[in-house]
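Student: Input: one structure, supplied below.
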Amino acid sequence: MFNFSALPPLSLYIHIPWCVQKCPYCDFNSHASPDALPEKAYIEAVLADLEHDLPSTWGRPVHTVFIGGGTPSLFSAEAIDTLLVGLRMRLQLSPFAEITLEANPGTVEQGRFKEFRDAGINRLSIGCQSFHDPQLEKLGRIHSGKEAILAAEAAHDAGFDNFNLDLMFGLPGQTVALASADIEQAIKLGPTHISHYQLTIEPNTLFHHSPPALPHDDARWSMQEACEELLGDAGYGHYEVSAHARPGKQCQHNLNYWSFGDYLGIGAGAHAKISSAAEQNITRSWKQRHPQRYLDAVPNTHISGSQVLTRHDASFEFMLNALRLKDGFDKTLFTAHTGLPVHGIAEALAKAEQKGLIEQDMVHITPTQHGWHFLNELLEMFMEEGK
Ligand SMILES: C[S@@+](CC[C@H](N)C(=O)[O-])C[C@H]1O[C@@H](n2cnc3c(N)ncnc32)[C@H](O)[C@@H]1O
Ligand code: SF4
């Protein structure tokens, strides 16, 4: 039995499933856009989808909204405005809610960021990946390095004082010097946040079927070390495995995921995780994945599947997320967000501490540098506990 004294904070994720074209490394639920994007029908479906979900979170304020994809910046500012007005009419958005929109530099026409800002978006996340054209071409990106720079400058010009740049490293043909130059360029553009991901080859992608030659492990390790040093020197705190932020500018939406908060998920393939005080349980649910099937399904059947978490699922999933945070977490947070006592994982914690993978005291748990670099080994310990 779970025992919630209060429910975790609530966020909202909205998925926009279309892109100009599919990138060969990407396993997100994203599809090449049809000639005529069904913007209006999709926004109507997403709002109907939200209405179905509302009874599960009745009256709870929403602290963050993340419009991700796919490429949400493909949508017109008018569509995003309709979406945000529709959200405000249907749920209680906190007055200082962080509202992020993901943007691809290849879709940023003159003036569009300003219109997004006027509609109520207060944070952008721009997918630059690299500023070097040979790497961008190998990644199948639709924009040049110059356009990635222009997108960040356009974010400033539109008045966004809070935006993230996504970069990837370990790219085909990339050297340590090139990866470092990407980070230096990103820092020069003055974002409040930089996400730095190692390129992974995911099943069901073009790169999986015909893999490109990648830099070897040692080179990728050196890139990571060199880039993390540059980011640290420039004042970006490394607060999560791939996330670096200026003080106070950590992504609040992702922090809620990493601390096992609750979230609604609307749009094609979106996932939700909701705790219930009445039922004393935690449920995961997900929506129809394919955009057209999603449009056909909503407003009749909107949930495609759901699962009530076992105690083991809840405690493992909490650790899976929270151990990604460099500063770790308070033991009271474990109890508050899983509804479970922390002594249920005491044995695994003791083993992890013995192996030097975490440090703990009465109050707090922190992954060590060693634990963070061998996160999978650390997580395996919690996978076994309580099974
Ligand atoms: C949904 S996309 C961001 C917005 C937009 N779709 C774009 O690509 O410009 C999220 C980010 O995940 C990262 N990403 C996607 N696939 C990846 C992979 N296979 N390995 C590492 N990072 C990946 C990229 O940095 C990408 O910007
Ligand atoms: S633009 Fe972004 S979401 Fe779309 S295919 Fe490329 S990486 Fe994936």
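So you can find residues: chains in the structure tokens are A, B, ... in the order shown, residues in each start at 1, and ligands are numbered from 1 in order.
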Go through the chains and note each residue within 8 Å of ligand 2, using only C-alpha atoms and all ligand atoms, then give the set as a PyMOL selection string.
Tutor: chain A and resi 17-32+69-71+104+127+141
Student: Report the distance between CA of His343 in chain A and CA of Leu375 in chain A in Å, rounded to one decimal place.
Tutor: 21.4 Å
Student: Show me, as a compact mmCIF listing (two decimals) with C-alpha atoms, in the first residue's frame, the residues that have an atom within 10 Å of Gly267 in chain A when counting only C-alpha atoms, minus same-chain residues fewer than 2 positions from it.
Tutor:
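What follows is the written file out.txt:
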```txt
# COMPACT_ATOMS: atom_id res chain seq x y z
CA TYR A 13 3.69 17.60 -21.34
CA ILE A 14 2.21 18.25 -24.80
CA HIS A 15 3.54 16.28 -27.76
CA ILE A 16 3.61 17.67 -31.32
CA PRO A 17 4.56 14.69 -33.49
CA TYR A 42 -4.60 18.60 -33.68
CA ILE A 43 -4.99 21.47 -31.20
CA ALA A 45 -7.80 16.94 -30.24
CA VAL A 46 -5.13 17.83 -27.66
CA LEU A 47 -7.56 20.03 -25.73
CA ALA A 48 -10.24 17.30 -25.84
CA ASP A 49 -7.57 14.86 -24.65
CA LEU A 50 -6.80 17.18 -21.72
CA ILE A 67 5.58 21.55 -25.60
CA GLY A 68 7.93 19.00 -27.15
CA GLY A 69 8.21 16.80 -30.17
CA GLY A 265 0.77 13.87 -21.05
CA GLY A 269 2.13 8.95 -27.79
CA ALA A 270 2.38 11.16 -24.68
CA HIS A 271 2.92 9.45 -21.33
CA TRP A 286 -0.07 6.57 -22.57
CA LYS A 287 -1.86 7.80 -25.65
CA GLN A 288 -2.23 6.47 -29.18
CA ARG A 289 1.21 6.88 -30.79
CA HIS A 290 0.53 7.39 -34.48
CA PRO A 291 -0.60 10.98 -35.25
CA TYR A 294 -4.48 9.66 -32.38
CA LEU A 295 -6.56 12.22 -34.30
CA VAL A 298 -9.67 11.45 -29.68
CA HIS A 302 -7.98 8.71 -25.64
```
Student: Find, counting only C-alpha atoms, the residue in A:Met381, A:Leu349, A:Ala234, A:Ala336 that gets nearest to Pro8 in chain A.
Tutor: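 Nearest candidate to Pro8 in chain A out of A:Met381, A:Leu349, A:Ala234, A:Ala336: A:Ala336.
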Student: Which residues in range 301-366 of chain A does DSSP call strand (DSSP E)? List them as a ChimeraX atom specification.
Tutor: /A:303-308,329-330,358-360,364-366
Student: Any idea what's packed within 12 Å of Glu147 in chain A, counting only C-alpha atoms, ignoring anything in its chain fewer than 5 positions away? Could you give it as a list in words?
Tutor: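 Here the answer would be Asn104, Pro105, Gly106, Thr107, Val108, Glu109, Gln110, Ile126, Gly127, Cys128, Gln129, Ser130, Phe131, His132, Asp133, Leu136, Arg141, Ile142, Ala152, Glu153 and Ala154 of chain A.
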Student: Put those residues in a file: N, CA and C atoms, as a PDB file, in the first residue's frame.
Tutor:
```pdb
ATOM      1  N   ASN A 104      13.296  23.911 -33.726  1.00  0.00           N
ATOM      2  CA  ASN A 104      14.374  23.478 -34.614  1.00  0.00           C
ATOM      3  C   ASN A 104      14.825  24.707 -35.405  1.00  0.00           C
ATOM      4  N   PRO A 105      16.140  24.995 -35.448  1.00  0.00           N
ATOM      5  CA  PRO A 105      16.609  26.214 -36.120  1.00  0.00           C
ATOM      6  C   PRO A 105      16.183  26.304 -37.586  1.00  0.00           C
ATOM      7  N   GLY A 106      15.836  25.174 -38.186  1.00  0.00           N
ATOM      8  CA  GLY A 106      15.404  25.198 -39.596  1.00  0.00           C
ATOM      9  C   GLY A 106      13.968  25.661 -39.759  1.00  0.00           C
ATOM     10  N   THR A 107      13.270  25.939 -38.669  1.00  0.00           N
ATOM     11  CA  THR A 107      11.846  26.312 -38.778  1.00  0.00           C
ATOM     12  C   THR A 107      11.566  27.683 -38.170  1.00  0.00           C
ATOM     13  N   VAL A 108      12.651  28.471 -38.018  1.00  0.00           N
ATOM     14  CA  VAL A 108      12.466  29.734 -37.299  1.00  0.00           C
ATOM     15  C   VAL A 108      12.421  30.893 -38.284  1.00  0.00           C
ATOM     16  N   GLU A 109      11.220  31.145 -38.785  1.00  0.00           N
ATOM     17  CA  GLU A 109      11.124  32.278 -39.708  1.00  0.00           C
ATOM     18  C   GLU A 109      11.174  33.574 -38.909  1.00  0.00           C
ATOM     19  N   GLN A 110      11.498  34.632 -39.637  1.00  0.00           N
ATOM     20  CA  GLN A 110      11.572  35.960 -39.032  1.00  0.00           C
ATOM     21  C   GLN A 110      10.336  36.240 -38.179  1.00  0.00           C
ATOM     22  N   ILE A 126      16.232  25.015 -28.028  1.00  0.00           N
ATOM     23  CA  ILE A 126      16.572  25.032 -29.462  1.00  0.00           C
ATOM     24  C   ILE A 126      17.528  23.875 -29.783  1.00  0.00           C
ATOM     25  N   GLY A 127      17.146  23.049 -30.738  1.00  0.00           N
ATOM     26  CA  GLY A 127      17.955  21.872 -31.111  1.00  0.00           C
ATOM     27  C   GLY A 127      19.056  22.238 -32.088  1.00  0.00           C
ATOM     28  N   CYS A 128      20.221  22.674 -31.555  1.00  0.00           N
ATOM     29  CA  CYS A 128      21.342  23.063 -32.438  1.00  0.00           C
ATOM     30  C   CYS A 128      22.126  21.823 -32.879  1.00  0.00           C
ATOM     31  N   GLN A 129      22.433  20.944 -31.951  1.00  0.00           N
ATOM     32  CA  GLN A 129      23.209  19.699 -32.125  1.00  0.00           C
ATOM     33  C   GLN A 129      24.691  19.963 -32.364  1.00  0.00           C
ATOM     34  N   SER A 130      25.024  20.855 -33.327  1.00  0.00           N
ATOM     35  CA  SER A 130      26.423  21.234 -33.583  1.00  0.00           C
ATOM     36  C   SER A 130      26.367  22.545 -34.356  1.00  0.00           C
ATOM     37  N   PHE A 131      27.521  23.212 -34.451  1.00  0.00           N
ATOM     38  CA  PHE A 131      27.567  24.410 -35.292  1.00  0.00           C
ATOM     39  C   PHE A 131      28.429  24.157 -36.530  1.00  0.00           C
ATOM     40  N   HIS A 132      28.834  22.899 -36.711  1.00  0.00           N
ATOM     41  CA  HIS A 132      29.697  22.557 -37.856  1.00  0.00           C
ATOM     42  C   HIS A 132      28.884  21.867 -38.951  1.00  0.00           C
ATOM     43  N   ASP A 133      28.943  22.451 -40.159  1.00  0.00           N
ATOM     44  CA  ASP A 133      28.087  21.934 -41.231  1.00  0.00           C
ATOM     45  C   ASP A 133      28.354  20.471 -41.591  1.00  0.00           C
ATOM     46  N   LEU A 136      26.487  18.450 -39.092  1.00  0.00           N
ATOM     47  CA  LEU A 136      25.034  18.624 -39.233  1.00  0.00           C
ATOM     48  C   LEU A 136      24.524  17.846 -40.443  1.00  0.00           C
ATOM     49  N   ARG A 141      20.476  16.927 -40.536  1.00  0.00           N
ATOM     50  CA  ARG A 141      19.729  18.087 -40.020  1.00  0.00           C
ATOM     51  C   ARG A 141      19.308  18.998 -41.182  1.00  0.00           C
ATOM     52  N   ILE A 142      18.235  19.766 -40.954  1.00  0.00           N
ATOM     53  CA  ILE A 142      17.696  20.609 -42.031  1.00  0.00           C
ATOM     54  C   ILE A 142      18.270  22.028 -41.975  1.00  0.00           C
ATOM     55  N   ALA A 152      19.543  31.225 -32.040  1.00  0.00           N
ATOM     56  CA  ALA A 152      19.798  31.667 -30.666  1.00  0.00           C
ATOM     57  C   ALA A 152      19.738  33.200 -30.581  1.00  0.00           C
ATOM     58  N   GLU A 153      20.289  33.865 -31.624  1.00  0.00           N
ATOM     59  CA  GLU A 153      20.232  35.336 -31.620  1.00  0.00           C
ATOM     60  C   GLU A 153      18.783  35.821 -31.707  1.00  0.00           C
ATOM     61  N   ALA A 154      17.979  35.088 -32.492  1.00  0.00           N
ATOM     62  CA  ALA A 154      16.562  35.467 -32.626  1.00  0.00           C
ATOM     63  C   ALA A 154      15.845  35.294 -31.285  1.00  0.00           C
TER      64      ALA A 154
END
```
Student: Do you know which residues are at most 12 Å from Leu171 in chain A counting only C-alpha atoms, after dropping those on the same chain fewer than 6 positions away, and could you put them as a compact mmCIF listing (two decimals) with N, CA and C atoms, in the first residue's frame?
Tutor:
```
# COMPACT_ATOMS: atom_id res chain seq x y z
N TYR A 25 19.02 9.53 -36.67
CA TYR A 25 19.41 9.01 -35.35
C TYR A 25 18.24 9.03 -34.38
N GLN A 129 22.43 20.94 -31.95
CA GLN A 129 23.21 19.70 -32.12
C GLN A 129 24.69 19.96 -32.36
N SER A 130 25.02 20.85 -33.33
CA SER A 130 26.42 21.23 -33.58
C SER A 130 26.37 22.55 -34.36
N PHE A 131 27.52 23.21 -34.45
CA PHE A 131 27.57 24.41 -35.29
C PHE A 131 28.43 24.16 -36.53
N HIS A 132 28.83 22.90 -36.71
CA HIS A 132 29.70 22.56 -37.86
C HIS A 132 28.88 21.87 -38.95
N ASP A 133 28.94 22.45 -40.16
CA ASP A 133 28.09 21.93 -41.23
C ASP A 133 28.35 20.47 -41.59
N PRO A 134 29.63 20.01 -41.66
CA PRO A 134 29.82 18.59 -42.03
C PRO A 134 29.11 17.66 -41.03
N GLN A 135 29.17 17.98 -39.72
CA GLN A 135 28.51 17.14 -38.71
C GLN A 135 26.98 17.23 -38.87
N LEU A 136 26.49 18.45 -39.09
CA LEU A 136 25.03 18.62 -39.23
C LEU A 136 24.52 17.85 -40.44
N GLU A 137 25.33 17.85 -41.53
CA GLU A 137 24.92 17.10 -42.72
C GLU A 137 24.87 15.62 -42.43
N LYS A 138 25.89 15.11 -41.72
CA LYS A 138 25.90 13.68 -41.42
C LYS A 138 24.74 13.28 -40.51
N LEU A 139 24.26 14.25 -39.72
CA LEU A 139 23.12 13.98 -38.84
C LEU A 139 21.78 14.15 -39.58
N GLY A 140 21.86 14.56 -40.86
CA GLY A 140 20.62 14.75 -41.63
C GLY A 140 19.81 15.93 -41.14
N LEU A 178 36.72 19.79 -32.28
CA LEU A 178 35.44 20.24 -32.87
C LEU A 178 34.33 20.25 -31.83
N ALA A 179 34.30 19.21 -30.97
CA ALA A 179 33.26 19.15 -29.92
C ALA A 179 33.43 20.33 -28.97
N ASP A 182 32.19 23.51 -30.50
CA ASP A 182 30.72 23.61 -30.43
C ASP A 182 30.28 24.20 -29.09
N TYR A 197 24.25 15.96 -25.04
CA TYR A 197 23.96 14.53 -25.11
C TYR A 197 25.00 13.80 -25.94
N GLN A 198 25.40 12.62 -25.48
CA GLN A 198 26.24 11.78 -26.34
C GLN A 198 25.31 11.12 -27.37
N LEU A 199 25.69 11.18 -28.65
CA LEU A 199 24.88 10.54 -29.69
C LEU A 199 24.77 9.05 -29.39
N THR A 200 23.55 8.53 -29.31
CA THR A 200 23.37 7.09 -29.11
C THR A 200 22.68 6.53 -30.36
N ILE A 201 23.05 5.30 -30.68
CA ILE A 201 22.43 4.66 -31.85
C ILE A 201 21.26 3.84 -31.33
N PHE A 207 20.19 5.09 -38.57
CA PHE A 207 21.57 4.86 -38.14
C PHE A 207 21.77 3.45 -37.59
N PRO A 211 24.87 1.97 -39.69
CA PRO A 211 25.56 2.82 -38.70
C PRO A 211 26.69 3.64 -39.32
N PRO A 212 26.79 4.90 -38.94
CA PRO A 212 27.93 5.73 -39.39
C PRO A 212 29.16 5.37 -38.56
N ALA A 213 30.35 5.72 -39.06
CA ALA A 213 31.57 5.51 -38.25
C ALA A 213 31.59 6.60 -37.18
N LEU A 214 31.72 6.16 -35.92
CA LEU A 214 31.72 7.13 -34.81
C LEU A 214 33.11 7.21 -34.20
N PRO A 215 33.42 8.32 -33.53
CA PRO A 215 34.70 8.41 -32.82
C PRO A 215 34.79 7.26 -31.79
N HIS A 216 36.01 6.76 -31.53
CA HIS A 216 36.09 5.62 -30.60
C HIS A 216 35.87 6.07 -29.16
N ASP A 217 35.69 5.08 -28.27
CA ASP A 217 35.28 5.36 -26.89
C ASP A 217 36.18 6.39 -26.19
N ALA A 219 38.00 8.74 -27.44
CA ALA A 219 37.80 10.09 -27.96
C ALA A 219 36.50 10.67 -27.41
N ARG A 220 35.46 9.83 -27.34
CA ARG A 220 34.18 10.33 -26.82
C ARG A 220 34.30 10.72 -25.35
N MET A 223 36.03 13.99 -25.20
CA MET A 223 35.11 15.09 -25.59
C MET A 223 34.26 15.49 -24.40
N GLN A 224 33.71 14.47 -23.73
CA GLN A 224 32.82 14.74 -22.60
C GLN A 224 33.57 15.52 -21.52
```
Student: What lies within 12 Å of Met383 in chain A using only C-alpha atoms, ignoring chain neighbours under 3 positions off, as a JSON list (two decimals) with N, CA, C and O atoms, in the first residue's frame?
Tutor:
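Listing of around-v7.json after writing:
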```json
[["chain", "number", "residue", "atom", "x", "y", "z"],
["A", 311, "ARG", "N", 4.85, -1.53, -5.80],
["A", 311, "ARG", "CA", 5.77, -0.81, -4.90],
["A", 311, "ARG", "C", 7.19, -0.85, -5.46],
["A", 311, "ARG", "O", 7.93, 0.12, -5.41],
["A", 312, "HIS", "N", 7.54, -2.02, -6.01],
["A", 312, "HIS", "CA", 8.89, -2.14, -6.57],
["A", 312, "HIS", "C", 9.10, -1.19, -7.75],
["A", 312, "HIS", "O", 10.11, -0.51, -7.85],
["A", 313, "ASP", "N", 8.09, -1.16, -8.66],
["A", 313, "ASP", "CA", 8.19, -0.24, -9.82],
["A", 313, "ASP", "C", 8.41, 1.19, -9.33],
["A", 313, "ASP", "O", 9.28, 1.91, -9.84],
["A", 314, "ALA", "N", 7.61, 1.60, -8.33],
["A", 314, "ALA", "CA", 7.66, 3.00, -7.88],
["A", 314, "ALA", "C", 9.02, 3.32, -7.28],
["A", 314, "ALA", "O", 9.63, 4.35, -7.61],
["A", 315, "SER", "N", 9.54, 2.41, -6.42],
["A", 315, "SER", "CA", 10.81, 2.77, -5.79],
["A", 315, "SER", "C", 11.95, 2.70, -6.81],
["A", 315, "SER", "O", 12.84, 3.55, -6.81],
["A", 316, "PHE", "N", 11.91, 1.72, -7.75],
["A", 316, "PHE", "CA", 12.97, 1.66, -8.76],
["A", 316, "PHE", "C", 12.92, 2.89, -9.68],
["A", 316, "PHE", "O", 13.94, 3.50, -9.98],
["A", 317, "GLU", "N", 11.71, 3.25, -10.10],
["A", 317, "GLU", "CA", 11.60, 4.39, -11.03],
["A", 317, "GLU", "C", 12.02, 5.70, -10.36],
["A", 317, "GLU", "O", 12.60, 6.57, -11.00],
["A", 318, "PHE", "N", 11.73, 5.82, -9.07],
["A", 318, "PHE", "CA", 12.21, 7.00, -8.36],
["A", 318, "PHE", "C", 13.74, 7.07, -8.45],
["A", 318, "PHE", "O", 14.31, 8.11, -8.81],
["A", 319, "MET", "N", 14.40, 5.93, -8.13],
["A", 319, "MET", "CA", 15.88, 5.93, -8.13],
["A", 319, "MET", "C", 16.44, 6.16, -9.53],
["A", 319, "MET", "O", 17.42, 6.88, -9.72],
["A", 320, "LEU", "N", 15.80, 5.54, -10.53],
["A", 320, "LEU", "CA", 16.22, 5.68, -11.92],
["A", 320, "LEU", "C", 16.30, 7.16, -12.31],
["A", 320, "LEU", "O", 17.20, 7.59, -13.03],
["A", 345, "ILE", "N", 14.36, 0.35, 0.74],
["A", 345, "ILE", "CA", 15.53, 0.24, -0.14],
["A", 345, "ILE", "C", 16.83, 0.32, 0.67],
["A", 345, "ILE", "O", 17.91, 0.53, 0.12],
["A", 348, "ALA", "N", 19.83, -2.03, -0.46],
["A", 348, "ALA", "CA", 20.50, -1.60, -1.69],
["A", 348, "ALA", "C", 21.32, -0.33, -1.43],
["A", 348, "ALA", "O", 22.43, -0.18, -1.95],
["A", 349, "LEU", "N", 20.78, 0.57, -0.61],
["A", 349, "LEU", "CA", 21.53, 1.79, -0.29],
["A", 349, "LEU", "C", 22.83, 1.45, 0.42],
["A", 349, "LEU", "O", 23.89, 2.00, 0.10],
["A", 376, "ASN", "N", 24.54, 2.71, -14.52],
["A", 376, "ASN", "CA", 23.80, 1.46, -14.77],
["A", 376, "ASN", "C", 24.08, 0.44, -13.68],
["A", 376, "ASN", "O", 23.17, -0.24, -13.20],
["A", 377, "GLU", "N", 25.35, 0.35, -13.28],
["A", 377, "GLU", "CA", 25.72, -0.59, -12.21],
["A", 377, "GLU", "C", 25.00, -0.22, -10.92],
["A", 377, "GLU", "O", 24.46, -1.07, -10.20],
["A", 378, "LEU", "N", 24.94, 1.08, -10.65],
["A", 378, "LEU", "CA", 24.26, 1.58, -9.45],
["A", 378, "LEU", "C", 22.77, 1.24, -9.49],
["A", 378, "LEU", "O", 22.18, 0.75, -8.52],
["A", 379, "LEU", "N", 22.18, 1.47, -10.65],
["A", 379, "LEU", "CA", 20.72, 1.24, -10.76],
["A", 379, "LEU", "C", 20.36, -0.23, -10.64],
["A", 379, "LEU", "O", 19.31, -0.59, -10.11],
["A", 380, "GLU", "N", 21.26, -1.10, -11.15],
["A", 380, "GLU", "CA", 20.99, -2.55, -11.04],
["A", 380, "GLU", "C", 20.73, -2.96, -9.59],
["A", 380, "GLU", "O", 19.94, -3.85, -9.33],
["A", 386, "GLY", "N", 13.76, -5.76, -3.32],
["A", 386, "GLY", "CA", 12.32, -5.83, -3.06],
["A", 386, "GLY", "C", 11.54, -6.62, -4.09],
["A", 386, "GLY", "O", 10.33, -6.60, -4.11],
["A", 387, "LYS", "N", 12.25, -7.34, -5.00],
["A", 387, "LYS", "CA", 11.55, -8.10, -6.05],
["A", 387, "LYS", "C", 10.90, -9.34, -5.50],
["A", 387, "LYS", "O", 11.44, -9.95, -4.59]]
```
Student: Rounded to one decimal place, report the CA of Gly86 in chain A-CA of Ala119 in chain A distance in Å.
Tutor: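 Calculated distance between CA of Gly86 in chain A and CA of Ala119 in chain A is 11.7 Å.
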Student: Near Leu325 in chain A, within 12 Å and counting only C-alpha atoms, which residues show up once chain neighbours fewer than 6 positions away are dropped, as a short mmCIF file (atom, residue, chain, number, x, y, z; two decimals) with C-alpha atoms, in the first residue's frame?
Tutor:
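Contents of the output file part_2.cif:
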```cif
data_model
loop_
_atom_site.label_atom_id
_atom_site.label_comp_id
_atom_site.auth_asym_id
_atom_site.auth_seq_id
_atom_site.Cartn_x
_atom_site.Cartn_y
_atom_site.Cartn_z
CA GLY A 237 26.42 24.04 -13.13
CA HIS A 238 26.33 20.37 -14.11
CA TYR A 239 23.13 19.38 -12.27
CA GLU A 240 22.01 16.29 -14.21
CA VAL A 241 23.85 13.72 -16.35
CA SER A 242 23.35 15.77 -19.57
CA ALA A 243 22.13 19.12 -18.23
CA HIS A 244 24.08 22.29 -17.41
CA GLN A 250 17.67 24.55 -14.13
CA ASN A 254 12.68 18.14 -16.23
CA LEU A 255 13.51 18.54 -12.52
CA ASN A 256 9.95 17.43 -11.82
CA TYR A 257 10.53 14.26 -13.91
CA TRP A 258 13.85 13.61 -12.19
CA SER A 259 12.29 13.97 -8.75
CA PHE A 260 9.44 11.58 -9.70
CA PHE A 318 12.21 7.00 -8.36
CA MET A 319 15.88 5.93 -8.13
CA ILE A 358 26.61 6.77 -3.25
CA ILE A 365 21.55 10.58 -0.62
CA THR A 366 24.07 11.69 -3.25
CA PRO A 367 25.59 9.66 -6.08
CA THR A 368 29.41 9.85 -5.95
CA GLN A 369 31.35 10.85 -9.08
CA GLY A 371 28.46 6.19 -9.04
CA TRP A 372 27.41 8.77 -11.59
CA LEU A 375 25.00 4.73 -13.23
#
```
Student: Would you list, as a ChimeraX atom specification, the residues of range 28-149 of chain A that end up in alpha helix (DSSP H) under DSSP run on this structure's backbone?
Tutor: /A:39-53,77-90,112-119,133-138,145-149
Student: Which one of A:Thr82, A:Thr192, A:Gln360, A:Ser11 sits closest to Leu165 in chain A if you count only C-alpha atoms?
Tutor: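 Of A:Thr82, A:Thr192, A:Gln360, A:Ser11, the one nearest Leu165 in chain A, counting only C-alpha atoms, is A:Thr192.
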Student: Using only C-alpha atoms and all ligand atoms, pick whichever of A:Gly111, A:Gly159, A:Pro61, A:Gly170 has the shortest atom-to-atom distance to ligand 1.
Tutor: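 Nearest to ligand 1: A:Gly170.
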